[in-house]
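Trainee: Here it is, the structure in full.
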Protein chains: 2
Amino acid sequence: MPNYKPPQRDTQFLLHEVLNVESHYEALLGHTDVNKDLINAILEEGAKFAENELAPLFRSGDEEGCHFNEGVVTTPKGYKEAYAKFVEGGWCALSSPEEYGGQGLPNSIGIVISEFTGSANWAWSMYPGLSHGANNTIETHGSEEQKKTYLPHLVSGKWTGTMCLTEPHCGSDLGTLRTKAEPNADGSYNITGTKIFISAGEHDFAENIVHIVLARLPDAPKGTKGISLFIVPKFLPNSDGGIGERNSVVCGSIEHKMGIKASATCVMNFEEAKGFLIGPPNKGLNCMFTFMNIARVGTALQGICTAEASFQGAYEYAIERTSMRSLSGPKAPDKEADPIIVHPDVRRMLLTQKAFAEGGRALCYYLGMQADIVTTSKSEEERQAADDLMAFLTPIAKAFLTEVGCEAANHGVQVYGGHGYISEWGMEQLVRDCRIATLYEGTTGIQALDLLGRKVLMTQGKMLMNFTKIVHKFCKANQDNEKLKSLVETLNGLNKEWGEVTQKIGMLAMQNRDEVGAAAVDYLMYSGYICLAYFWAVMAQKAHEKLAEGTDTSGFYTAKVQTAQFYFDRILPRTVAHKNAMLSGANNLLDIDTEHFTFL
Amino acid sequence: MPNYKPPQRDTQFLLHEVLNVESHYEALLGHTDVNKDLINAILEEGAKFAENELAPLFRSGDEEGCHFNEGVVTTPKGYKEAYAKFVEGGWCALSSPEEYGGQGLPNSIGIVISEFTGSANWAWSMYPGLSHGANNTIETHGSEEQKKTYLPHLVSGKWTGTMCLTEPHCGSDLGTLRTKAEPNADGSYNITGTKIFISAGEHDFAENIVHIVLARLPDAPKGTKGISLFIVPKFLPNSDGGIGERNSVVCGSIEHKMGIKASATCVMNFEEAKGFLIGPPNKGLNCMFTFMNIARVGTALQGICTAEASFQGAYEYAIERTSMRSLSGPKAPDKEADPIIVHPDVRRMLLTQKAFAEGGRALCYYLGMQADIVTTSKSEEERQAADDLMAFLTPIAKAFLTEVGCEAANHGVQVYGGHGYISEWGMEQLVRDCRIATLYEGTTGIQALDLLGRKVLMTQGKMLMNFTKIVHKFCKANQDNEKLKSLVETLNGLNKEWGEVTQKIGMLAMQNRDEVGAAAVDYLMYSGYICLAYFWAVMAQKAHEKLAEGTDTSGFYTAKVQTAQFYFDRILPRTVAHKNAMLSGANNLLDIDTEHFTFL
């Protein structure tokens with residue numbers, strides 16, 4: 001089983017050396033006291049929790065899974081105890097506002113802790129993760145009374161939350177959802193309908209579960225403009241802040257699924273359950289979209305969590321397991337065979353994992369900083385710029401990082417050979433656990449339409465240019481940097497090409513809207529590889545700077561430079577395949593008759 | 001759950017229209033009576049068996065898995081009954097020699113039946129599949145007495161067989177294996193050691209199991225040149241052909257693994273078990289390699305079986321499930337939303353699956369025909385040419401088709417969205433079941449070294465040229481074919497490039513042997529995409545010919561042409577990424593210090 005250790009050295013490199021978070025926090029409202037020492041202390045404690053409390057439950061939780069019996073869900077052994085410790089340690093409250101008992105720390109710190117816990121045990125991490133969604137919804141759209149009633153409990157972790165969107169017949173297409181909300185005389189609503197795929201919909205972690213439910217009012221317009229948001233607690237809150245009457249929302253069953261088996265995926269039946277409108281009527285989807293980006297960055301993390309955990313497991317195995325001799329002569333002549341890390345192809349797989357984990361980490365932390373700016377900048381202009389940047393980068397981060405996270409997990413299995421297929425090592429579990437990541441919170445296809453259709457083409461490329469300008473500026477600033485020359489040239493070329501390719505797709509799309517759908521996923525992956533190239537170039541630049549200072553004794557910076565080179569040489573060429581595929585036009589997808597796919 | 005139906009129309013297109021098997025059989029020894037009617041009758045019966053007996057056990061076998069209790073393995077409900085019917089139907093004996101009770105049909109027919117059963121239920125198919133290995137070993141290397149003792153039972157399916165190679169410390173690196181064989185006075189041997197990952201090592205299908213075991217004689221040289229082959233039956237055969245004394249080979253446990261859960265993967269403990277030398281001493285590996293190609297083509301099939309089964313499941317869902325509207329306007333205005341097959345990205349995924357399944361099928365059937373020639377050609381020259389062609393194409397088929405089979409299975413899950421992650425649909429099971437295919441029978445990395453190192457570079461490119469000549473001949477013959485022009489031009493260009501790229505790698509390898517390992521997997525995938533392009537071009541050529549005859553009313557040939565176009569436009573560009581990666585040299589893999597991969 002992979003013995004996960006949070007990569008604190010890399011995290012510190014990113015936060016302090018590449019992203020300079022200390023000065024970033026200084027410029028924000030209310031975060032001036034967040035200094036390097038505080039950050040590192042938090043990271044160290046969070047790392048300990050992840051490593052000591054959560055990682056040991058990774059395999060056992062998968063083996064045991066969740067139990068369901070007449071509406072009651074029991075989580076695997078040790079899971080609720082770990083949650084109790086998490087609550088006790090104040091970890092739920094990390095980035096929540098102080099007025100509701102939170103610690104008011106920036107989002108970007110929360111993301112690092114989420115990465116540590118998620119790498120150690122993604123299935124467990126989903127329970128507190130889902131609470132964030134409910135938490136944010138109430139904080140942003142709730143009435144004062146709703147905030148006072150729910151937030152202190154959600155912030156402390158005493159209660160947990162869910163987001164109830166999907167129904168049996170609709171996932172991405174929320175416009176067709178059917179759950180009804182009928183008004184009661186007291187201002188509350190009776191909610192009736194079935195929601196599926198509700199993570200943490202029922203469990204034994206907490207005394208109460210606060211469901212945020214999408215439903216339709218009786219007079220609601222059809223489609224997405226007729227959806228409202230409701231708070232539906234499992235137990236109705238008492239006036240004293242405790243829990244009262246049991247509400248008629250019941251878990252009907254839990255799903256048997258490929259992975260994340262310790263995370264309860266529930267069918268939730270609402271039968272005239274009492275609900276409370278949150279936000280304006282019929283504006284439910286708008287309210288939801290407020291923090292769609294944050295939620296999606298949270299899912300993007302699963303890609304890098306998986307890549308990192310699988311990488312650590314594979315590396316450990318690769319230095320211990322012996323098999324065959326190096327083609328260039330024995331490297332461990334005293335042993336019967338060489339450790340498999342001598343084989344170039346094993347290194348190729350390990351470096352691919354490493355490049356995705358570390359490059360993706362840079363992208364996610366960067367997005368965390370943008371989220372800080374969106375919520376606590378002093379300047380409206382800066383806030384808007386960060387919001388736009390997030391709008392553009394988030395679908396890329398979510399879809400691209402989860403896709404390559406799945407790839408990385410598969411490399412991890414492959415490094416183990418046949419042993420990778422055996423459950424006890426945990427490597428195959430990472431593949432199964434991660435497979436959900438390209439599906440939930442909007443599939444890769446949905447993210448790709450969001451990116452190309454909404455973010456890029458609908459803004460006439462403006463959102464793309466926001467980012468390519470940043471890349472361009474970096475390239476220009478480093479054009480005379482001899483050490484960085486080849487990377488910068490390649491990056492600069494691709495950055496220009498990105499704009500040209502976008503224009504071509506835009507032209508095609510003017511003739512046929514289906515060209516957007518036909519190009520979208522290749523466009524997203526293409527964009528993802530370029531984004532990561534930018535972050536690798538930035539990291540390489542910083543690493544070279546540190547190497548020039550001559551203080552690197554560990555080899556850390558040298559390894560960064562080498563991994564950047566690997567990424568540019570062996571991963572980045574994939575952009576060509578995606579470019580050619582998307583520019584081939586929609587006809588090769590549309591021509592074939594629906595009835596002619598099979599002849600059985 | 002995917003409702004698998006064997007693709008008989010496509011099989012017939014390949015066998016009769018593209019590959020002309022009838023005239024192929026006519027030219028072979030002993031197969032003159034194998035005509036189109038007979039072939040189609042066999043296919044139809046085989047298809048029924050796969051669809052009616054095996055497909056219904058696909059999900060239940062995964063759910064239940066195998067049971068282990070004190071050395072006894074019980075297979076899931078219905079599995080042994082299905083096997084009994086398989087034996088009764090004479091299916092085990094299909095391609096075995098008539099003198100041992102077989103039906104003496106060509107390998108290429110056996111491959112089609114294996115495809116049907118494997119697509120319906122790969123885990124079940126492994127039991128008869130493994131018998132083939134033991135069967136072939138004894139047929140080729142056994143003494144007359146051994147053949148008489150074991151073959152009739154193995155051919156009929158009354159007994160089954162295994163191949164016992166892997167040990168806990170060694171898989172690919174068989175040179176280090178430790179199982180001992182000590183001679184007894186009666187000419188038999190005492191076999192002692194532990195073998196792992198033994199598929200069908202123990203089960204309840206048959207009264208006896210014949211293990212073919214790799215072990216070392218006391219005086220054996222070290223390494224691969226000191227390995228001998230032994231027959232170790234679970235029950236020692238009686239002189240009357242029945243079973244006698246229980247041998248001391250015992251199943252110690254079965255593995256808990258990612259998929260193929262209905263296939264028992266056994267730890268086999270040999271404790272002075274009685275074994276019988278087969279073939280010359282210390283030549284065990286050579287004997288094994290005799291039909292390594294056949295075994296590997298058998299595994300290559302898993303890629304196309306998975307692609308086909310997943311494709312069928314995804315297609316069914318894509319025409320039924322509705323979500324969103326087509327970007328170019330509603331396609332099913334009477335419904336609340338359009339069926340998802342209107343979305344170009346869903347079509348992209350389906351066509352990718354289809355292109356891999358049908359292109360891979362052509363490659364596998366072609367290899368089946370080469371195997372026919374190797375075993376039953378009248379001309380030694382022809383036999384040698386077919387053997388060389390198989391030697392070159394088999395590692396490509398095994399590694400490339402299983403890699404893209406895994407990709408196809410993942411597309412199948414993705415088409416289902418979140419539902420793909422739920423076990424009951426069976427789509428995620430295909431991902432889990434198929435994941436083993438790139439690991440066993442030699443990992444992708446091992447196949448790639450075999451291809452680039454042994455087959456291509458060690459023959460100074462001769463084996464590559466055997467195949468590129470065939471491709472070249474096809475391109476030349478079709479250079480004036482207006483319908484095929486663009487495909488042929490692309491194929492011809494890549495075919496030339498293939499040689500050039502190989503030369504470059506060869507030059508690099510002369511300076512550093514590690515360049516072979518560094519390039520190998522990208523080289524293999526690159527080669528695989530070109531191979532499949534050739535088969536798609538050949539199929540398109542035949543389809544155009546049929547379309548010109550004007551007899552296509554079903555749309556079958558039009559769909560072939562369209563799928564070929566899709567493959568060339570959207571899949572084949574991946575060759576560029578692989579080419580650039582492999583030509584980037586080994587340094588970007590070797591430079592990083594073994595200790596510098598992580599800093600935890």
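Labeling convention for the structure tokens: chains A, B, ... as they appear, residues from 1 per chain, ligands from 1 in order of appearance.
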Per DSSP on the backbone, filter stretch 205-385 of chain A down to the residues in strand (DSSP E or B) and report them as an NGL selection string.

Mentor: :A and (208-216 or 227-233 or 235-237 or 243-246 or 249-254 or 257 or 265-278 or 283 or 322 or 339)

Trainee: Store the residues picked out above in a file with N, CA and C atoms, as a tab-separated table (two decimals), in the first residue's frame.

Mentor:
```tsv
chain	number	residue	atom	x	y	z
A	208	ASN	N	-26.29	16.03	12.23
A	208	ASN	CA	-27.24	16.59	11.28
A	208	ASN	C	-26.59	16.79	9.91
A	209	ILE	N	-27.41	16.71	8.87
A	209	ILE	CA	-26.91	16.89	7.50
A	209	ILE	C	-27.79	17.94	6.82
A	210	VAL	N	-27.14	18.96	6.30
A	210	VAL	CA	-27.87	20.08	5.69
A	210	VAL	C	-27.80	19.95	4.17
A	211	HIS	N	-28.94	19.59	3.58
A	211	HIS	CA	-28.97	19.41	2.13
A	211	HIS	C	-29.31	20.72	1.44
A	212	ILE	N	-28.53	21.06	0.43
A	212	ILE	CA	-28.89	22.18	-0.44
A	212	ILE	C	-29.48	21.55	-1.70
A	213	VAL	N	-30.75	21.84	-1.95
A	213	VAL	CA	-31.52	21.10	-2.95
A	213	VAL	C	-32.01	22.01	-4.07
A	214	LEU	N	-31.79	21.59	-5.29
A	214	LEU	CA	-32.36	22.29	-6.44
A	214	LEU	C	-33.76	21.74	-6.71
A	215	ALA	N	-34.75	22.67	-6.78
A	215	ALA	CA	-36.13	22.22	-7.03
A	215	ALA	C	-36.90	23.32	-7.74
A	216	ARG	N	-38.10	22.97	-8.18
A	216	ARG	CA	-38.92	23.92	-8.93
A	216	ARG	C	-40.11	24.39	-8.10
A	227	ILE	N	-35.38	27.20	-11.69
A	227	ILE	CA	-34.84	26.36	-10.62
A	227	ILE	C	-34.51	27.22	-9.40
A	228	SER	N	-34.96	26.76	-8.26
A	228	SER	CA	-34.67	27.49	-7.03
A	228	SER	C	-33.87	26.61	-6.08
A	229	LEU	N	-33.30	27.26	-5.09
A	229	LEU	CA	-32.40	26.58	-4.16
A	229	LEU	C	-33.06	26.51	-2.79
A	230	PHE	N	-32.98	25.35	-2.14
A	230	PHE	CA	-33.60	25.18	-0.83
A	230	PHE	C	-32.64	24.54	0.16
A	231	ILE	N	-32.78	24.97	1.39
A	231	ILE	CA	-32.08	24.28	2.48
A	231	ILE	C	-33.05	23.23	3.02
A	232	VAL	N	-32.62	21.98	3.01
A	232	VAL	CA	-33.46	20.91	3.58
A	232	VAL	C	-32.63	20.13	4.58
A	233	PRO	N	-32.77	20.45	5.87
A	233	PRO	CA	-31.96	19.74	6.86
A	233	PRO	C	-32.55	18.38	7.19
A	235	PHE	N	-32.45	16.95	10.15
A	235	PHE	CA	-33.24	17.29	11.34
A	235	PHE	C	-33.50	18.79	11.32
A	236	LEU	N	-34.73	19.17	11.57
A	236	LEU	CA	-35.04	20.60	11.60
A	236	LEU	C	-34.38	21.24	12.82
A	237	PRO	N	-33.77	22.41	12.62
A	237	PRO	CA	-33.07	23.03	13.74
A	237	PRO	C	-34.06	23.51	14.79
A	243	ILE	N	-30.83	20.14	17.45
A	243	ILE	CA	-31.66	19.52	16.42
A	243	ILE	C	-33.01	19.12	16.96
A	244	GLY	N	-34.03	19.27	16.10
A	244	GLY	CA	-35.39	18.96	16.49
A	244	GLY	C	-35.95	17.80	15.69
A	245	GLU	N	-37.11	18.05	15.13
A	245	GLU	CA	-37.87	17.02	14.42
A	245	GLU	C	-37.11	16.45	13.21
A	246	ARG	N	-37.26	15.14	12.99
A	246	ARG	CA	-36.67	14.48	11.81
A	246	ARG	C	-37.47	14.91	10.58
A	249	VAL	N	-36.69	13.47	4.64
A	249	VAL	CA	-35.72	13.20	3.58
A	249	VAL	C	-34.96	11.95	4.02
A	250	VAL	N	-35.00	10.93	3.15
A	250	VAL	CA	-34.48	9.62	3.56
A	250	VAL	C	-33.56	9.07	2.47
A	251	CYS	N	-32.52	8.46	2.93
A	251	CYS	CA	-31.62	7.78	1.98
A	251	CYS	C	-32.25	6.46	1.55
A	252	GLY	N	-32.50	6.32	0.26
A	252	GLY	CA	-33.18	5.13	-0.26
A	252	GLY	C	-32.23	3.97	-0.51
A	253	SER	N	-31.01	4.29	-0.87
A	253	SER	CA	-30.00	3.25	-1.09
A	253	SER	C	-28.66	3.94	-1.34
A	254	ILE	N	-27.62	3.16	-1.31
A	254	ILE	CA	-26.32	3.70	-1.72
A	254	ILE	C	-25.85	2.92	-2.94
A	257	LYS	N	-20.23	1.01	-6.60
A	257	LYS	CA	-19.52	1.70	-7.66
A	257	LYS	C	-18.06	1.28	-7.79
A	265	THR	N	-22.45	7.26	-1.67
A	265	THR	CA	-23.13	7.91	-2.79
A	265	THR	C	-24.60	7.52	-2.70
A	266	CYS	N	-25.43	8.51	-2.34
A	266	CYS	CA	-26.78	8.17	-1.89
A	266	CYS	C	-27.87	8.54	-2.89
A	267	VAL	N	-28.89	7.71	-2.91
A	267	VAL	CA	-30.18	8.10	-3.50
A	267	VAL	C	-30.95	8.76	-2.36
A	268	MET	N	-31.37	10.00	-2.57
A	268	MET	CA	-32.09	10.71	-1.50
A	268	MET	C	-33.54	10.95	-1.93
A	269	ASN	N	-34.44	10.42	-1.13
A	269	ASN	CA	-35.87	10.60	-1.41
A	269	ASN	C	-36.45	11.70	-0.53
A	270	PHE	N	-36.97	12.72	-1.18
A	270	PHE	CA	-37.61	13.83	-0.47
A	270	PHE	C	-39.13	13.64	-0.61
A	271	GLU	N	-39.80	13.45	0.49
A	271	GLU	CA	-41.25	13.25	0.44
A	271	GLU	C	-41.92	14.32	1.28
A	272	GLU	N	-42.27	15.39	0.62
A	272	GLU	CA	-42.80	16.56	1.32
A	272	GLU	C	-41.89	16.95	2.48
A	273	ALA	N	-40.63	16.91	2.22
A	273	ALA	CA	-39.66	17.33	3.24
A	273	ALA	C	-39.71	18.84	3.38
A	274	LYS	N	-39.52	19.31	4.59
A	274	LYS	CA	-39.59	20.74	4.82
A	274	LYS	C	-38.31	21.41	4.33
A	275	GLY	N	-38.49	22.41	3.46
A	275	GLY	CA	-37.33	23.11	2.93
A	275	GLY	C	-37.48	24.61	3.06
A	276	PHE	N	-36.36	25.32	2.99
A	276	PHE	CA	-36.38	26.77	3.13
A	276	PHE	C	-35.68	27.38	1.93
A	277	LEU	N	-36.39	28.27	1.27
A	277	LEU	CA	-35.83	28.92	0.08
A	277	LEU	C	-34.57	29.69	0.47
A	278	ILE	N	-33.55	29.52	-0.36
A	278	ILE	CA	-32.32	30.30	-0.14
A	278	ILE	C	-31.98	31.02	-1.44
A	283	LYS	N	-33.68	31.58	-9.25
A	283	LYS	CA	-32.29	31.97	-9.53
A	283	LYS	C	-31.31	30.93	-8.95
A	322	THR	N	13.54	-5.55	-7.95
A	322	THR	CA	14.59	-5.80	-8.95
A	322	THR	C	14.03	-6.67	-10.07
A	339	PRO	N	17.46	-2.75	-9.74
A	339	PRO	CA	16.15	-2.18	-9.38
A	339	PRO	C	15.51	-1.61	-10.65
```

Trainee: Only residues of chain B matter here; which ones have an atom within 6 Å of chain A, counting only C-alpha atoms? Give them as a count of residues only.

Mentor: 33

Trainee: Any idea what's packed within 9 Å of B:Glu403, counting only C-alpha atoms, ignoring anything in its chain fewer than 2 positions away? Could you give it as a list in words?

Mentor: Gly303, Lys398, Ala399, Phe400, Leu401, Gly405, Cys406, Glu407, Ala408, Arg435, Ala437, Thr438, Thr444 and Met525 of chain B

Trainee: Find the residues around B:Phe356 up to 7 Å (only C-alpha atoms counted), leave out those fewer than 3 positions away in its own chain, and share them as a list in words.

Mentor: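 After dropping sequence-adjacent residues, the list is Ile304, Ala307, Thr352, Gln353, Gly359, Gly360 and Val404 of chain B.
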
Trainee: Can you write out the residues you just picked, keeping N, CA and C atoms, as a PDB file, in the first residue's frame?

Mentor:
```
ATOM      1  N   ILE B 304      -9.552  -5.903 -28.169  1.00  0.00           N
ATOM      2  CA  ILE B 304     -10.681  -5.677 -29.088  1.00  0.00           C
ATOM      3  C   ILE B 304     -11.991  -6.184 -28.495  1.00  0.00           C
ATOM      4  N   ALA B 307     -13.025  -3.335 -26.322  1.00  0.00           N
ATOM      5  CA  ALA B 307     -13.455  -2.190 -27.123  1.00  0.00           C
ATOM      6  C   ALA B 307     -14.845  -2.455 -27.708  1.00  0.00           C
ATOM      7  N   THR B 352     -14.123   6.361 -31.649  1.00  0.00           N
ATOM      8  CA  THR B 352     -12.803   5.898 -31.211  1.00  0.00           C
ATOM      9  C   THR B 352     -12.885   4.429 -30.815  1.00  0.00           C
ATOM     10  N   GLN B 353     -13.918   4.083 -30.060  1.00  0.00           N
ATOM     11  CA  GLN B 353     -14.101   2.677 -29.668  1.00  0.00           C
ATOM     12  C   GLN B 353     -14.268   1.785 -30.891  1.00  0.00           C
ATOM     13  N   GLY B 359     -10.659  -2.031 -36.352  1.00  0.00           N
ATOM     14  CA  GLY B 359      -9.288  -2.046 -36.878  1.00  0.00           C
ATOM     15  C   GLY B 359      -8.473  -3.144 -36.210  1.00  0.00           C
ATOM     16  N   GLY B 360      -8.619  -3.253 -34.895  1.00  0.00           N
ATOM     17  CA  GLY B 360      -7.897  -4.289 -34.148  1.00  0.00           C
ATOM     18  C   GLY B 360      -8.348  -5.682 -34.542  1.00  0.00           C
ATOM     19  N   VAL B 404      -5.070   0.438 -26.235  1.00  0.00           N
ATOM     20  CA  VAL B 404      -6.218   1.169 -26.777  1.00  0.00           C
ATOM     21  C   VAL B 404      -7.535   0.525 -26.342  1.00  0.00           C
TER      22      VAL B 404
END
```

Trainee: Name the closest residue to B:Lys378 among the candidates B:Pro76, B:Lys483, B:Thr394, B:Leu29; distances are taken between atoms, counting only C-alpha atoms.

Mentor: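 Result for the nearest residue to B:Lys378: B:Leu29.
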
Trainee: Would you kindly return, as JSON, numbers by chain, each protein, DNA or RNA residue with an atom no farther than 9 Å from any atom of A:Gly104, considering only C-alpha atoms and excluding same-chain residues fewer than 2 positions away?

Mentor: {"A": [30, 31, 93, 94, 95, 96, 97, 98, 99, 101, 102, 106, 107]}

Trainee: Taking N, CA and C atoms for each residue, export the selection above as an mmCIF file, in the first residue's frame.

Mentor:
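Below is the file part38.cif, written as the result:
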```cif
data_model
loop_
_atom_site.group_PDB
_atom_site.id
_atom_site.type_symbol
_atom_site.label_atom_id
_atom_site.label_comp_id
_atom_site.auth_asym_id
_atom_site.auth_seq_id
_atom_site.Cartn_x
_atom_site.Cartn_y
_atom_site.Cartn_z
ATOM 1 N N GLY A 30 -7.563 41.631 5.391
ATOM 2 C CA GLY A 30 -7.718 40.717 6.529
ATOM 3 C C GLY A 30 -6.759 39.553 6.577
ATOM 4 N N HIS A 31 -5.753 39.515 5.676
ATOM 5 C CA HIS A 31 -4.833 38.386 5.725
ATOM 6 C C HIS A 31 -3.398 38.823 6.009
ATOM 7 N N ALA A 93 -12.893 24.399 9.923
ATOM 8 C CA ALA A 93 -13.140 25.840 10.025
ATOM 9 C C ALA A 93 -12.046 26.688 9.395
ATOM 10 N N LEU A 94 -11.061 26.036 8.782
ATOM 11 C CA LEU A 94 -9.838 26.724 8.353
ATOM 12 C C LEU A 94 -10.088 28.001 7.555
ATOM 13 N N SER A 95 -10.846 27.881 6.469
ATOM 14 C CA SER A 95 -11.016 29.056 5.598
ATOM 15 C C SER A 95 -12.373 29.719 5.777
ATOM 16 N N SER A 96 -13.082 29.385 6.849
ATOM 17 C CA SER A 96 -14.398 29.987 7.049
ATOM 18 C C SER A 96 -14.271 31.294 7.837
ATOM 19 N N PRO A 97 -15.288 32.166 7.665
ATOM 20 C CA PRO A 97 -15.211 33.483 8.315
ATOM 21 C C PRO A 97 -15.202 33.374 9.841
ATOM 22 N N GLU A 98 -14.447 34.262 10.449
ATOM 23 C CA GLU A 98 -14.292 34.221 11.901
ATOM 24 C C GLU A 98 -15.600 34.459 12.633
ATOM 25 N N GLU A 99 -16.505 35.251 12.009
ATOM 26 C CA GLU A 99 -17.743 35.542 12.738
ATOM 27 C C GLU A 99 -18.614 34.317 12.966
ATOM 28 N N GLY A 101 -17.143 31.374 13.630
ATOM 29 C CA GLY A 101 -16.285 30.414 14.329
ATOM 30 C C GLY A 101 -15.143 29.891 13.488
ATOM 31 N N GLY A 102 -15.010 30.417 12.266
ATOM 32 C CA GLY A 102 -13.930 29.961 11.403
ATOM 33 C C GLY A 102 -12.608 30.625 11.748
ATOM 34 N N PRO A 106 -6.889 32.200 4.270
ATOM 35 C CA PRO A 106 -7.188 32.305 2.839
ATOM 36 C C PRO A 106 -7.501 30.928 2.212
ATOM 37 N N ASN A 107 -8.298 30.979 1.163
ATOM 38 C CA ASN A 107 -8.618 29.806 0.352
ATOM 39 C C ASN A 107 -7.391 29.009 -0.062
#
```

Trainee: State, in Å with one decimal place, the distance from atom CA of B:Met510 to atom CA of B:Met458.

Mentor: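 About the pair atom CA of B:Met510 and atom CA of B:Met458: they are 11.6 Å apart.
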
Trainee: When you look at B:His203 with a cut-off of 6 Å (counting only C-alpha atoms), what residues show up, excluding the ones that are within fewer than 2 positions of it in the same chain? I need them as a tab-separated table (two decimals) with N, CA, C and O atoms, in the first residue's frame.

Mentor:
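Saved the output as out05.tsv:
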```
chain	number	residue	atom	x	y	z
B	73	VAL	N	-11.06	-24.00	-4.63
B	73	VAL	CA	-11.59	-22.80	-5.27
B	73	VAL	C	-12.96	-23.10	-5.89
B	73	VAL	O	-13.11	-24.07	-6.63
B	74	THR	N	-13.93	-22.29	-5.54
B	74	THR	CA	-15.26	-22.43	-6.13
B	74	THR	C	-15.51	-21.22	-7.02
B	74	THR	O	-15.36	-20.09	-6.57
B	205	PHE	N	-14.07	-26.54	-12.45
B	205	PHE	CA	-14.58	-26.81	-13.79
B	205	PHE	C	-14.33	-28.25	-14.22
B	205	PHE	O	-15.08	-28.79	-15.03
```

Trainee: Please return, as a compact mmCIF listing (two decimals) with C-alpha atoms, in the first residue's frame, all residues of stretch 49-207 of chain B that DSSP assigns to alpha helix (DSSP H) on the basis of the backbone.

Mentor:
```
# COMPACT_ATOMS: atom_id res chain seq x y z
CA PHE B 49 -23.14 -19.63 -27.07
CA PHE B 58 -20.59 -11.31 -16.93
CA ARG B 59 -21.88 -9.11 -14.11
CA SER B 60 -22.81 -11.84 -11.64
CA GLY B 61 -19.37 -13.38 -11.87
CA ASP B 62 -17.78 -10.06 -11.01
CA GLU B 63 -20.15 -9.48 -8.11
CA GLU B 64 -19.66 -12.90 -6.62
CA TYR B 79 -19.62 -20.77 -14.39
CA LYS B 80 -18.91 -24.46 -14.26
CA GLU B 81 -22.28 -25.26 -15.84
CA ALA B 82 -21.44 -22.97 -18.76
CA TYR B 83 -18.11 -24.74 -19.08
CA ALA B 84 -19.82 -28.12 -19.15
CA LYS B 85 -21.96 -26.90 -22.04
CA PHE B 86 -18.87 -25.54 -23.78
CA VAL B 87 -17.19 -28.95 -23.49
CA GLU B 88 -20.35 -30.71 -24.59
CA ASN B 107 -6.38 -21.22 -35.78
CA SER B 108 -8.03 -18.29 -37.48
CA ILE B 109 -11.47 -19.74 -36.78
CA GLY B 110 -10.53 -20.42 -33.18
CA ILE B 111 -9.57 -16.78 -32.79
CA VAL B 112 -13.01 -15.59 -33.88
CA ILE B 113 -14.71 -17.89 -31.37
CA SER B 114 -12.28 -16.72 -28.67
CA GLU B 115 -13.21 -13.16 -29.55
CA PHE B 116 -16.93 -13.89 -29.15
CA THR B 117 -16.56 -15.70 -25.83
CA GLY B 118 -14.00 -13.18 -24.59
CA SER B 119 -16.19 -10.20 -25.40
CA ALA B 120 -19.13 -11.80 -23.65
CA TRP B 122 -13.40 -12.46 -20.50
CA ALA B 123 -12.96 -13.86 -16.99
CA TRP B 124 -14.80 -17.06 -17.89
CA SER B 125 -12.91 -17.39 -21.16
CA MET B 126 -9.60 -17.49 -19.36
CA TYR B 127 -10.21 -21.05 -18.11
CA PRO B 128 -10.42 -22.66 -21.58
CA GLY B 129 -7.91 -20.08 -22.82
CA LEU B 130 -5.24 -21.24 -20.40
CA SER B 131 -5.78 -24.86 -21.43
CA HIS B 132 -4.66 -23.97 -24.95
CA GLY B 133 -1.21 -23.12 -23.62
CA ALA B 134 -0.78 -26.48 -21.88
CA ASN B 135 -2.31 -28.19 -24.85
CA ASN B 136 0.07 -26.61 -27.34
CA THR B 137 3.09 -27.26 -25.12
CA ILE B 138 2.38 -30.97 -24.86
CA GLU B 139 1.41 -31.27 -28.51
CA THR B 140 4.66 -29.67 -29.67
CA HIS B 141 7.19 -30.82 -27.10
CA GLU B 144 4.34 -39.79 -27.53
CA GLU B 145 3.33 -41.15 -24.16
CA GLN B 146 2.75 -37.70 -22.73
CA LYS B 147 0.64 -36.78 -25.71
CA LYS B 148 -1.44 -39.93 -25.37
CA THR B 149 -1.86 -39.44 -21.64
CA TYR B 150 -2.80 -35.77 -21.56
CA LEU B 151 -3.96 -34.53 -24.94
CA PRO B 152 -7.27 -36.36 -25.31
CA HIS B 153 -8.43 -34.97 -21.94
CA LEU B 154 -7.13 -31.47 -22.59
CA VAL B 155 -8.55 -31.40 -26.10
CA SER B 156 -12.00 -32.52 -24.97
```
